[in-house]
>>> print(open('coords-v4.cif').read())   # mmCIF, C-alpha atoms
data_run
#
loop_
_atom_site.label_atom_id
_atom_site.label_comp_id
_atom_site.auth_asym_id
_atom_site.auth_seq_id
_atom_site.Cartn_x
_atom_site.Cartn_y
_atom_site.Cartn_z
CA MET A 1 196.51 106.28 232.16
CA SER A 2 196.25 108.96 229.45
CA LYS A 3 193.03 110.80 228.72
CA PHE A 4 192.92 109.20 225.28
CA THR A 5 193.26 105.70 226.76
CA ALA A 6 190.44 106.51 229.17
CA PHE A 7 188.25 107.69 226.30
CA LEU A 8 189.06 104.61 224.25
CA GLY A 9 188.25 102.43 227.24
CA LEU A 10 184.92 104.22 227.61
CA ALA A 11 184.11 103.65 223.93
CA THR A 12 184.93 99.96 224.20
CA LEU A 13 182.87 99.67 227.38
CA VAL A 14 179.84 101.32 225.77
CA ALA A 15 180.20 99.13 222.69
CA ALA A 16 180.30 96.02 224.89
CA MET A 17 177.44 96.91 227.26
CA PRO A 18 174.47 94.53 227.05
CA VAL A 19 171.25 95.97 225.63
CA ALA A 20 167.67 94.78 225.73
CA HIS A 21 166.74 92.30 223.01
CA ALA A 22 170.32 91.96 221.80
CA ASP A 23 170.63 89.54 218.87
CA ASN A 24 173.47 87.96 216.97
CA VAL A 25 173.89 91.11 214.86
CA ASP A 26 174.32 93.21 218.02
CA ASP A 27 176.81 90.68 219.36
CA TYR A 28 178.80 90.70 216.12
CA VAL A 29 178.81 94.49 215.78
CA ARG A 30 179.85 95.10 219.39
CA ALA A 31 182.62 92.51 219.17
CA GLU A 32 183.94 94.03 215.94
CA MET A 33 183.77 97.54 217.37
CA ALA A 34 185.85 96.46 220.36
CA ARG A 35 188.33 94.59 218.15
CA ARG A 36 188.72 97.42 215.65
CA HIS A 37 188.49 100.29 218.21
CA ILE A 38 185.46 101.81 216.46
CA PRO A 39 184.06 104.62 218.63
CA GLY A 40 180.59 104.89 217.08
CA LEU A 41 178.48 103.11 214.47
CA SER A 42 174.96 103.33 213.06
CA LEU A 43 173.45 100.43 211.15
CA ALA A 44 170.43 99.63 209.00
CA VAL A 45 169.34 96.36 207.40
CA LEU A 46 166.53 96.26 204.83
CA ARG A 47 164.65 93.46 203.11
CA GLY A 48 162.79 94.37 199.97
CA GLY A 49 162.98 98.04 200.88
CA GLN A 50 161.59 97.47 204.38
CA VAL A 51 163.69 98.04 207.51
CA VAL A 52 164.30 94.90 209.57
CA LYS A 53 166.96 96.42 211.83
CA GLU A 54 168.06 99.93 212.77
CA SER A 55 170.58 100.35 215.58
CA ALA A 56 173.28 102.67 216.86
CA TYR A 57 176.25 101.72 219.02
CA GLY A 58 179.05 103.38 220.93
CA LEU A 59 180.03 107.05 220.94
CA ALA A 60 179.69 109.83 218.39
CA SER A 61 182.29 111.78 220.39
CA LEU A 62 184.96 110.22 222.58
CA GLU A 63 185.92 113.65 223.88
CA LEU A 64 182.42 114.53 225.08
CA GLY A 65 181.06 111.05 225.74
CA VAL A 66 178.12 111.64 223.36
CA PRO A 67 176.41 108.40 222.29
CA ALA A 68 175.83 107.55 218.65
CA THR A 69 172.14 107.48 217.70
CA LEU A 70 170.01 106.94 214.61
CA ASP A 71 170.12 110.73 214.17
CA THR A 72 173.92 111.03 214.34
CA SER A 73 175.27 112.54 211.13
CA TYR A 74 178.43 111.09 209.58
CA PRO A 75 180.74 112.34 206.81
CA LEU A 76 179.81 110.20 203.79
CA ALA A 77 182.92 111.08 201.75
CA SER A 78 182.76 109.23 198.40
CA MET A 79 179.27 107.91 199.11
CA THR A 80 178.36 111.35 197.77
CA LYS A 81 179.12 110.15 194.25
CA VAL A 82 176.02 107.95 194.13
CA PHE A 83 173.79 110.89 195.03
CA THR A 84 175.48 113.03 192.38
CA SER A 85 174.93 110.24 189.85
CA ALA A 86 171.24 110.18 190.79
CA ALA A 87 171.09 113.95 190.21
CA VAL A 88 172.48 113.43 186.72
CA MET A 89 169.89 110.73 186.03
CA LEU A 90 167.15 113.20 186.98
CA LEU A 91 168.47 115.52 184.26
CA VAL A 92 168.50 112.58 181.85
CA GLN A 93 164.88 111.87 182.78
CA ASP A 94 164.13 115.56 182.19
CA GLY A 95 165.51 115.19 178.66
CA LYS A 96 168.26 117.76 179.23
CA LEU A 97 171.14 115.43 178.30
CA THR A 98 172.05 111.81 177.74
CA LEU A 99 174.74 109.77 179.42
CA ASP A 100 176.68 109.83 176.16
CA THR A 101 176.60 113.62 175.84
CA PRO A 102 180.19 114.92 175.61
CA VAL A 103 180.80 117.07 178.66
CA ARG A 104 182.37 119.78 176.54
CA GLN A 105 179.09 120.10 174.64
CA VAL A 106 177.61 121.42 177.90
CA LEU A 107 180.79 123.10 179.18
CA PRO A 108 182.65 124.49 176.15
CA GLU A 109 185.14 126.16 178.49
CA LEU A 110 186.72 122.77 179.18
CA PRO A 111 190.01 121.97 177.38
CA VAL A 112 189.50 121.06 173.72
CA HIS A 113 191.39 117.79 174.12
CA TRP A 114 188.75 116.63 176.63
CA SER A 115 186.10 116.68 173.87
CA HIS A 116 185.85 112.87 173.70
CA VAL A 117 184.88 112.53 177.39
CA THR A 118 181.19 111.87 178.02
CA VAL A 119 178.98 112.16 181.09
CA ARG A 120 178.97 108.35 181.31
CA HIS A 121 182.78 108.25 181.32
CA CYS A 122 182.82 110.69 184.24
CA LEU A 123 180.35 108.71 186.33
CA THR A 124 181.98 105.31 185.70
CA HIS A 125 185.59 106.35 186.42
CA THR A 126 186.61 105.69 182.81
CA SER A 127 187.18 109.28 181.67
CA GLY A 128 190.95 108.93 181.47
CA LEU A 129 191.25 112.44 182.90
CA PRO A 130 193.97 113.38 185.40
CA ASP A 131 192.74 113.22 188.98
CA ALA A 132 191.85 116.34 190.96
CA ILE A 133 193.45 114.64 193.97
CA THR A 134 197.25 114.43 194.07
CA ASP A 135 197.49 112.53 197.37
CA GLU A 136 194.65 110.04 197.67
CA ILE A 137 195.50 109.13 201.26
CA ASN A 138 195.32 112.73 202.48
CA GLY A 139 192.85 114.03 199.89
CA THR A 140 195.13 116.83 198.67
CA SER A 141 193.46 118.73 195.84
CA VAL A 142 195.22 120.23 192.82
CA ALA A 143 193.29 123.47 193.43
CA GLY A 144 190.45 124.78 195.54
CA GLU A 145 188.59 126.60 192.76
CA ARG A 146 187.01 124.99 189.70
CA ASP A 147 188.48 127.13 186.89
CA GLU A 148 191.95 126.91 188.41
CA LEU A 149 191.56 123.16 188.84
CA PHE A 150 190.62 122.62 185.19
CA ALA A 151 193.41 124.94 184.02
CA LYS A 152 196.04 122.99 185.96
CA LEU A 153 194.67 119.60 184.89
CA ALA A 154 194.60 120.66 181.23
CA ALA A 155 198.39 120.31 181.05
CA ALA A 156 198.42 116.76 182.49
CA PRO A 157 198.46 113.64 180.25
CA LEU A 158 195.25 111.73 179.48
CA MET A 159 194.36 108.09 179.03
CA PRO A 160 191.93 107.12 176.26
CA ALA A 161 188.38 107.36 177.60
CA GLY A 162 186.44 104.15 178.08
CA THR A 163 189.45 101.84 177.97
CA LYS A 164 190.50 101.41 181.57
CA PRO A 165 188.88 102.11 184.96
CA ALA A 166 190.76 104.55 187.18
CA TYR A 167 189.03 105.91 190.29
CA ASN A 168 188.83 109.62 189.68
CA GLN A 169 187.43 112.74 191.35
CA THR A 170 187.71 115.02 188.31
CA GLY A 171 184.77 113.44 186.52
CA TYR A 172 182.49 114.27 189.43
CA VAL A 173 183.70 117.86 189.57
CA ILE A 174 182.76 118.09 185.89
CA VAL A 175 179.28 116.57 186.30
CA GLY A 176 178.70 118.92 189.24
CA ALA A 177 179.33 121.79 186.81
CA VAL A 178 177.06 120.12 184.24
CA ILE A 179 174.27 119.94 186.83
CA GLU A 180 174.66 123.64 187.56
CA LYS A 181 174.72 124.64 183.87
CA LEU A 182 171.65 122.64 182.87
CA SER A 183 169.55 123.29 185.96
CA GLY A 184 170.39 126.95 186.49
CA MET A 185 170.92 126.15 190.16
CA ASP A 186 173.91 125.85 192.43
CA TYR A 187 174.91 122.18 192.83
CA GLU A 188 173.99 122.04 196.51
CA GLN A 189 170.70 123.85 195.87
CA PHE A 190 169.82 121.32 193.16
CA MET A 191 170.69 118.42 195.46
CA HIS A 192 168.49 119.72 198.27
CA LYS A 193 165.55 120.50 195.97
CA ARG A 194 165.60 117.58 193.53
CA VAL A 195 167.25 114.77 195.52
CA PHE A 196 167.21 115.31 199.29
CA ALA A 197 163.68 116.71 199.67
CA PRO A 198 161.85 114.15 197.46
CA ALA A 199 163.77 111.25 199.04
CA HIS A 200 163.27 112.64 202.59
CA LEU A 201 166.95 113.01 203.39
CA ASP A 202 165.88 115.52 206.00
CA GLN A 203 169.22 115.86 207.79
CA ALA A 204 171.56 115.57 204.81
CA SER A 205 173.97 118.45 204.31
CA PHE A 206 177.26 119.44 202.73
CA GLY A 207 180.42 120.48 204.54
CA ASP A 208 183.91 119.35 205.54
CA ALA A 209 185.66 119.53 208.91
CA TRP A 210 185.57 123.35 208.82
CA SER A 211 181.76 123.32 208.68
CA ILE A 212 179.45 123.29 211.66
CA ILE A 213 177.04 120.38 211.11
CA PRO A 214 174.49 119.91 213.91
CA GLY A 215 174.55 116.39 215.30
CA ARG A 216 177.62 115.33 213.31
CA SER A 217 179.94 112.77 214.83
CA SER A 218 183.58 113.50 215.43
CA LEU A 219 185.83 111.68 212.98
CA TYR A 220 188.69 109.40 214.04
CA THR A 221 191.33 107.47 212.13
CA ALA A 222 192.88 104.05 212.46
CA LEU A 223 195.76 105.22 210.27
CA ASP A 224 199.07 106.52 211.52
CA ILE A 225 200.35 110.06 211.05
CA THR A 226 203.69 111.60 210.15
CA LYS A 227 206.08 112.66 212.90
CA ASP A 228 205.22 116.32 212.37
CA HIS A 229 201.47 115.54 212.72
CA SER A 230 200.78 117.29 209.40
CA LYS A 231 199.18 114.40 207.48
CA LEU A 232 198.45 110.69 207.34
CA MET A 233 201.49 108.50 206.85
CA ALA A 234 202.12 106.48 203.69
CA LYS A 235 204.60 103.70 202.99
CA ASP A 236 205.12 102.44 199.44
CA GLY A 237 202.04 104.39 198.43
CA MET A 238 199.82 102.72 201.01
CA PRO A 239 198.42 104.09 204.30
CA VAL A 240 199.99 102.82 207.51
CA LEU A 241 197.55 101.20 209.93
CA ARG A 242 197.98 101.81 213.65
CA LYS A 243 198.30 98.60 215.63
CA ASP A 244 196.41 99.15 218.88
CA SER A 245 194.95 102.65 219.05
CA ILE A 246 193.19 105.35 217.08
CA LEU A 247 193.56 109.11 216.71
CA HIS A 248 191.22 112.05 216.24
CA TYR A 249 191.23 112.78 212.50
CA GLY A 250 192.71 116.25 212.36
CA ALA A 251 192.88 116.89 208.60
CA LYS A 252 189.55 116.07 206.92
CA PHE A 253 189.37 119.26 204.88
CA ILE A 254 187.87 119.15 201.40
CA PRO A 255 187.46 122.17 199.09
CA GLU A 256 183.92 122.95 197.91
CA VAL A 257 184.97 122.25 194.34
CA LEU A 258 184.98 118.55 195.31
CA ALA A 259 181.46 118.67 196.80
CA PRO A 260 179.95 116.43 194.08
CA ALA A 261 182.63 113.82 194.79
CA GLY A 262 182.67 113.68 198.57
CA LEU A 263 181.25 116.42 200.76
CA MET A 264 177.92 115.00 202.00
CA ASN A 265 176.97 114.32 205.61
CA ALA A 266 173.92 112.25 206.54
CA THR A 267 172.33 110.01 209.17
CA ILE A 268 171.37 106.37 209.00
CA ARG A 269 167.72 107.49 208.90
CA ASP A 270 168.57 109.53 205.79
CA LEU A 271 170.11 106.50 204.12
CA VAL A 272 167.15 104.32 205.03
CA ASN A 273 164.84 106.84 203.34
CA TRP A 274 167.22 106.89 200.37
CA GLU A 275 167.02 103.11 200.05
CA ARG A 276 163.23 103.25 200.20
CA ALA A 277 163.16 105.90 197.48
CA LEU A 278 165.38 103.75 195.26
CA ALA A 279 163.26 100.67 195.94
CA ASN A 280 159.85 102.24 195.33
CA GLY A 281 160.83 104.36 192.32
CA SER A 282 159.65 107.61 193.90
CA LEU A 283 162.83 109.46 192.89
CA LEU A 284 164.17 107.66 189.83
CA LYS A 285 162.46 105.55 187.22
CA PRO A 286 163.33 101.83 187.55
CA GLU A 287 165.20 101.96 184.24
CA SER A 288 167.32 104.87 185.51
CA TYR A 289 168.29 102.97 188.65
CA ALA A 290 169.02 99.89 186.52
CA GLN A 291 171.45 101.94 184.42
CA MET A 292 173.18 103.16 187.58
CA THR A 293 173.75 99.61 188.82
CA THR A 294 174.86 98.09 185.50
CA PRO A 295 178.63 97.76 184.96
CA TYR A 296 180.00 99.96 182.19
CA LYS A 297 181.43 97.94 179.32
CA LEU A 298 184.94 98.97 178.40
CA LYS A 299 185.99 99.27 174.78
CA ASP A 300 187.45 95.75 174.82
CA GLY A 301 184.05 94.36 175.85
CA SER A 302 184.93 93.60 179.45
CA ASP A 303 182.88 94.85 182.39
CA ASN A 304 184.11 97.77 184.45
CA ALA A 305 183.75 97.38 188.23
CA TYR A 306 181.59 100.52 188.27
CA GLY A 307 178.17 101.49 187.10
CA LEU A 308 177.13 105.10 187.67
CA GLY A 309 178.59 105.75 191.11
CA PHE A 310 177.84 102.21 192.27
CA ARG A 311 180.42 99.43 192.48
CA VAL A 312 179.23 96.11 191.07
CA SER A 313 180.77 92.94 192.43
CA HIS A 314 179.94 89.51 193.92
CA MET A 315 179.70 87.68 197.22
CA GLY A 316 180.30 84.10 196.14
CA GLN A 317 177.78 83.45 193.36
CA HIS A 318 175.62 86.42 194.30
CA ALA A 319 175.85 89.78 192.51
CA THR A 320 176.21 92.79 194.78
CA VAL A 321 175.81 96.53 194.31
CA ALA A 322 177.80 98.68 196.73
CA TYR A 323 179.19 102.09 197.48
CA GLY A 324 181.17 103.56 200.34
CA GLY A 325 183.29 106.45 201.46
CA GLY A 326 186.26 107.56 203.49
CA ALA A 327 187.18 104.00 204.46
CA ALA A 328 184.52 104.49 207.15
CA THR A 329 181.09 103.91 205.56
CA TRP A 330 179.71 101.19 203.31
CA ARG A 331 176.46 99.98 201.78
CA VAL A 332 175.89 96.71 199.97
CA SER A 333 172.78 95.33 198.32
CA VAL A 334 172.34 91.69 197.29
CA PRO A 335 169.51 91.94 194.76
CA ASP A 336 168.64 88.24 194.52
CA LYS A 337 168.28 88.12 198.31
CA GLN A 338 166.47 91.48 198.50
CA LEU A 339 168.96 92.33 201.25
CA THR A 340 170.64 95.69 201.87
CA VAL A 341 173.05 96.52 204.70
CA VAL A 342 174.27 100.05 205.47
CA VAL A 343 176.95 100.83 208.05
CA LEU A 344 178.13 104.32 208.99
CA THR A 345 181.12 104.61 211.33
CA ASN A 346 183.24 107.47 212.62
CA LEU A 347 186.56 105.66 212.17
CA GLN A 348 188.56 106.02 208.96
CA GLY A 349 190.50 102.93 207.90
CA VAL A 350 188.13 100.43 209.53
CA ARG A 351 187.34 98.34 206.40
CA PRO A 352 183.57 98.93 206.57
CA ASP A 353 183.09 96.61 203.58
CA GLN A 354 184.20 93.72 205.79
CA LEU A 355 181.78 94.77 208.53
CA VAL A 356 178.90 94.93 206.07
CA ALA A 357 179.82 91.55 204.57
CA GLY A 358 179.88 90.01 208.04
CA ILE A 359 176.45 91.42 208.88
CA ALA A 360 175.00 90.30 205.54
CA ALA A 361 176.25 86.77 206.21
CA LEU A 362 174.32 86.68 209.50
CA TYR A 363 171.13 87.11 207.47
CA GLU A 364 172.24 84.92 204.57
CA PRO A 365 174.94 82.42 205.68
CA GLU A 366 175.78 81.48 202.10
CA LEU A 367 177.17 85.01 201.65
CA ALA A 368 179.92 84.33 204.19
CA ARG A 369 183.37 84.94 202.74
CA LYS A 370 185.79 82.06 202.72
#
>>> encode(input="coords-v4.cif", output="structure tokens")
Amino acid sequence: MSKFTAFLGLATLVAAMPVAHADNVDDYVRAEMARRHIPGLSLAVLRGGQVVKESAYGLASLELGVPATLDTSYPLASMTKVFTSAAVMLLVQDGKLTLDTPVRQVLPELPVHWSHVTVRHCLTHTSGLPDAITDEINGTSVAGERDELFAKLAAAPLMPAGTKPAYNQTGYVIVGAVIEKLSGMDYEQFMHKRVFAPAHLDQASFGDAWSIIPGRSSLYTALDITKDHSKLMAKDGMPVLRKDSILHYGAKFIPEVLAPAGLMNATIRDLVNWERALANGSLLKPESYAQMTTPYKLKDGSDNAYGLGFRVSHMGQHATVAYGGGAATWRVSVPDKQLTVVVLTNLQGVRPDQLVAGIAALYEPELARK
């Protein structure tokens, strides 16, 4: 038996161990963790902004046998975009810009032919700008420095803004620069002062795999890798899922220029406090949050799938508001049920949206997917 197989067996054993007061959610989560080979997972369920369940399962580190807890920090990846969107809304509340302010009005150094792009376009993935990521599966950036990134992207073709949704990192790099210009603070400094501290995200931080983050889980992948072990494998533009095992994720490196798009780390306790802040209006005005969770209307009158950082969809007849990151974390809210489920895992490629949907259906059976 290999060391990796032994570690995987340990993770499955821990996930399957009985615990006091186990309920059907525990049973479901542990069964899914065993089936999907998820090493560690932290979970929160809220009703009307109040926590009804907070649990952690499995291992934060297979190598060291460290259990996942409510204080385990996870890479949030693109979940970061929602927090960046909230930062922008604080500036809107401050009267320093509007969502329809052209970004070049704030950042005149941007290419002239980007003049039609607004802050709203950037936050709703409708900017039409070329993406800062050239390989979405491996997260390969065009450049590691902002000015160089914009210079290289300036030569790439554009789509008309507001006409078609296209998931895009560039818009969030731009709004990160807007935040810095209008606040007079570094992006991360602004986030800590204006977002994390008021919302009591006490353990939230920024940093990729190069950074030392106390209490952060190791990151694993359910995706396969190339023969030379240099990157994740793709076939016909899609990632290749491993059949019966997982690997340590050896390449989760993100340049600081992409911090506003995907460089946050946080615990489930942080995200519970975040949900409370959104629910009680202590960070954002209700009308600001409503704007964030309203689908952007494209120029043809149809609804975009995105609001400001949030993804707006449905479970059956019920509207949902969701966001996730790294194919490892997911949050969904069902407003008419006053139900929110947040799942953080340390396994990339695990379809956390399916896990969250399954948990939500245990609380509201009519949400079960056919």
>>> resolve_selection(input="coords-v4.cif", expression="the PyMOL selection byres ((chain A and resi 340) around 9)", output="ChimeraX atom specification")
/A:44-49,275,331-335,337-339,341-342,360
>>> resolve_selection(input="coords-v4.cif", expression="the PyMOL selection byres ((chain A and resi 170) around 10)", output="ChimeraX atom specification")
/A:122-123,125,127-133,149-150,153,167-169,171-176,257-258,260-261
>>> residues_around(input="coords-v4.cif", residues="Trp114 (chain A)", least_positions_apart="4", cutoff="9 Å", atoms="only C-alpha atoms", output="list of chain:residue names")
A:Pro102, A:Val103, A:Arg104, A:Leu110, A:Leu129, A:Ala154, A:Leu158
>>> residues_around(input="coords-v4.cif", residues="Asp100 (chain A)", least_positions_apart="2", cutoff="7 Å", atoms="all atoms listed in the file", output="ChimeraX atom specification")
/A:98,102,118-120
>>> residues_around(input="coords-v4.cif", residues="Ile213 (chain A)", least_positions_apart="5", cutoff="9 Å", atoms="only C-alpha atoms", output="short mmCIF file (atom, residue, chain, number, x, y, z; two decimals) with C-alpha atoms, in the coordinates of the input")
data_model
loop_
_atom_site.label_atom_id
_atom_site.label_comp_id
_atom_site.auth_asym_id
_atom_site.auth_seq_id
_atom_site.Cartn_x
_atom_site.Cartn_y
_atom_site.Cartn_z
CA SER A 73 175.27 112.54 211.13
CA SER A 205 173.97 118.45 204.31
CA PHE A 206 177.26 119.44 202.73
CA GLY A 207 180.42 120.48 204.54
CA ASP A 208 183.91 119.35 205.54
CA ASN A 265 176.97 114.32 205.61
#
>>> closest_residue(input="coords-v4.cif", among="A:Pro75, A:Asn24, A:Glu145, A:Pro157", to="Ser211 (chain A)", atoms="all atoms listed in the file")
A:Pro75
>>> resolve_selection(input="coords-v4.cif", expression="the PyMOL selection byres ((chain A and resi 312) around 12)", output="MDAnalysis selection string")
chainID A and resid 124 290:296 303:311 313:315 318:323 331:335
>>> atom_distance(input="coords-v4.cif", atom1="CA of Ala259 (chain A)", atom2="CA of Glu109 (chain A)")
20.1 Å
>>> atom_distance(input="coords-v4.cif", atom1="CA of Ala166 (chain A)", atom2="CA of Arg36 (chain A)")
29.4 Å
>>> residues_around(input="coords-v4.cif", residues="Leu362 (chain A)", least_positions_apart="4", cutoff="10 Å", atoms="only C-alpha atoms", output="PDB file with C-alpha atoms, in the frame of the given file")
ATOM      1  CA  ASN A  24     173.470  87.960 216.970  1.00  0.00           C
ATOM      2  CA  VAL A  25     173.890  91.110 214.860  1.00  0.00           C
ATOM      3  CA  TYR A  28     178.800  90.700 216.120  1.00  0.00           C
ATOM      4  CA  ALA A 357     179.820  91.550 204.570  1.00  0.00           C
ATOM      5  CA  GLY A 358     179.880  90.010 208.040  1.00  0.00           C
ATOM      6  CA  GLU A 366     175.780  81.480 202.100  1.00  0.00           C
ATOM      7  CA  LEU A 367     177.170  85.010 201.650  1.00  0.00           C
ATOM      8  CA  ALA A 368     179.920  84.330 204.190  1.00  0.00           C
TER       9      ALA A 368
END
>>> atom_distance(input="coords-v4.cif", atom1="CA of Val52 (chain A)", atom2="CA of Gln203 (chain A)")
21.6 Å
>>> residues_near_point(input="coords-v4.cif", point="(163.9, 108.0, 203.6)", cutoff="9 Å", atoms="all atoms listed in the file", output="PyMOL selection string")
chain A and resi 198-202+269-277
>>> closest_residue(input="coords-v4.cif", among="A:Thr101, A:Thr84, A:Thr72, A:Gln50", to="Ser115 (chain A)", atoms="only C-alpha atoms")
A:Thr101
>>> closest_residue(input="coords-v4.cif", among="A:Ala156, A:Val350, A:Gly316, A:Ile268", to="Val51 (chain A)", atoms="all atoms listed in the file")
A:Ile268
>>> residues_around(input="coords-v4.cif", residues="His229 (chain A)", least_positions_apart="3", cutoff="12 Å", atoms="all atoms listed in the file", output="mmCIF file with C-alpha atoms, keeping the file's coordinate frame")
data_model
loop_
_atom_site.group_PDB
_atom_site.id
_atom_site.type_symbol
_atom_site.label_atom_id
_atom_site.label_comp_id
_atom_site.auth_asym_id
_atom_site.auth_seq_id
_atom_site.Cartn_x
_atom_site.Cartn_y
_atom_site.Cartn_z
ATOM 1 C CA ASP A 224 199.070 106.520 211.520
ATOM 2 C CA ILE A 225 200.350 110.060 211.050
ATOM 3 C CA THR A 226 203.690 111.600 210.150
ATOM 4 C CA LEU A 232 198.450 110.690 207.340
ATOM 5 C CA MET A 233 201.490 108.500 206.850
ATOM 6 C CA LEU A 247 193.560 109.110 216.710
ATOM 7 C CA HIS A 248 191.220 112.050 216.240
ATOM 8 C CA TYR A 249 191.230 112.780 212.500
ATOM 9 C CA GLY A 250 192.710 116.250 212.360
ATOM 10 C CA ALA A 251 192.880 116.890 208.600
#
>>> residues_near_point(input="coords-v4.cif", point="(184.5, 97.3, 205.5)", cutoff="8 Å", atoms="only C-alpha atoms", output="list in words")
Ala327, Ala328, Thr329, Trp330, Val350, Arg351, Pro352, Asp353, Gln354, Leu355, Val356 and Ala357 of chain A
>>> closest_residue(input="coords-v4.cif", among="A:Leu107, A:Arg369, A:Ala77, A:Val29", to="Leu182 (chain A)", atoms="only C-alpha atoms")
A:Leu107
>>> closest_residue(input="coords-v4.cif", among="A:Ser245, A:Thr345, A:Ser78, A:Ser288", to="Ser217 (chain A)", atoms="all atoms listed in the file")
A:Thr345
>>> closest_residue(input="coords-v4.cif", among="A:Lys152, A:Lys164, A:Lys81, A:Arg35", to="Gly325 (chain A)", atoms="only C-alpha atoms")
A:Lys81
>>> decode(input="coords-v4.cif", residues="region 321-327 of chain A", atoms="all heavy atoms", output="tab-separated table (two decimals), in the first residue's frame")
chain	number	residue	atom	x	y	z
A	321	VAL	N	-29.42	32.65	-5.13
A	321	VAL	CA	-28.31	33.57	-5.29
A	321	VAL	C	-27.07	32.84	-4.79
A	321	VAL	O	-27.03	32.41	-3.63
A	321	VAL	CB	-28.53	34.86	-4.49
A	321	VAL	CG1	-27.35	35.81	-4.68
A	321	VAL	CG2	-29.83	35.54	-4.90
A	322	ALA	N	-26.07	32.69	-5.65
A	322	ALA	CA	-24.93	31.84	-5.30
A	322	ALA	C	-23.62	32.48	-5.71
A	322	ALA	O	-23.57	33.43	-6.50
A	322	ALA	CB	-25.08	30.48	-5.99
A	323	TYR	N	-22.55	31.94	-5.15
A	323	TYR	CA	-21.20	32.24	-5.61
A	323	TYR	C	-20.28	31.14	-5.12
A	323	TYR	O	-20.59	30.44	-4.14
A	323	TYR	CB	-20.71	33.62	-5.15
A	323	TYR	CG	-20.59	33.82	-3.66
A	323	TYR	CD1	-19.35	33.73	-3.02
A	323	TYR	CD2	-21.70	34.15	-2.89
A	323	TYR	CE1	-19.22	33.95	-1.66
A	323	TYR	CE2	-21.58	34.37	-1.52
A	323	TYR	CZ	-20.35	34.26	-0.91
A	323	TYR	OH	-20.23	34.48	0.44
A	324	GLY	N	-19.19	30.93	-5.84
A	324	GLY	CA	-18.27	29.86	-5.46
A	324	GLY	C	-16.89	30.14	-6.01
A	324	GLY	O	-16.66	31.15	-6.67
A	325	GLY	N	-15.98	29.20	-5.74
A	325	GLY	CA	-14.62	29.41	-6.22
A	325	GLY	C	-13.79	28.16	-6.27
A	325	GLY	O	-13.95	27.25	-5.45
A	326	GLY	N	-12.92	28.11	-7.28
A	326	GLY	CA	-11.93	27.06	-7.38
A	326	GLY	C	-12.48	25.66	-7.55
A	326	GLY	O	-11.77	24.69	-7.31
A	327	ALA	N	-13.74	25.55	-7.95
A	327	ALA	CA	-14.40	24.24	-8.05
A	327	ALA	C	-14.28	23.47	-6.74
A	327	ALA	O	-14.25	22.25	-6.72
A	327	ALA	CB	-13.82	23.43	-9.21
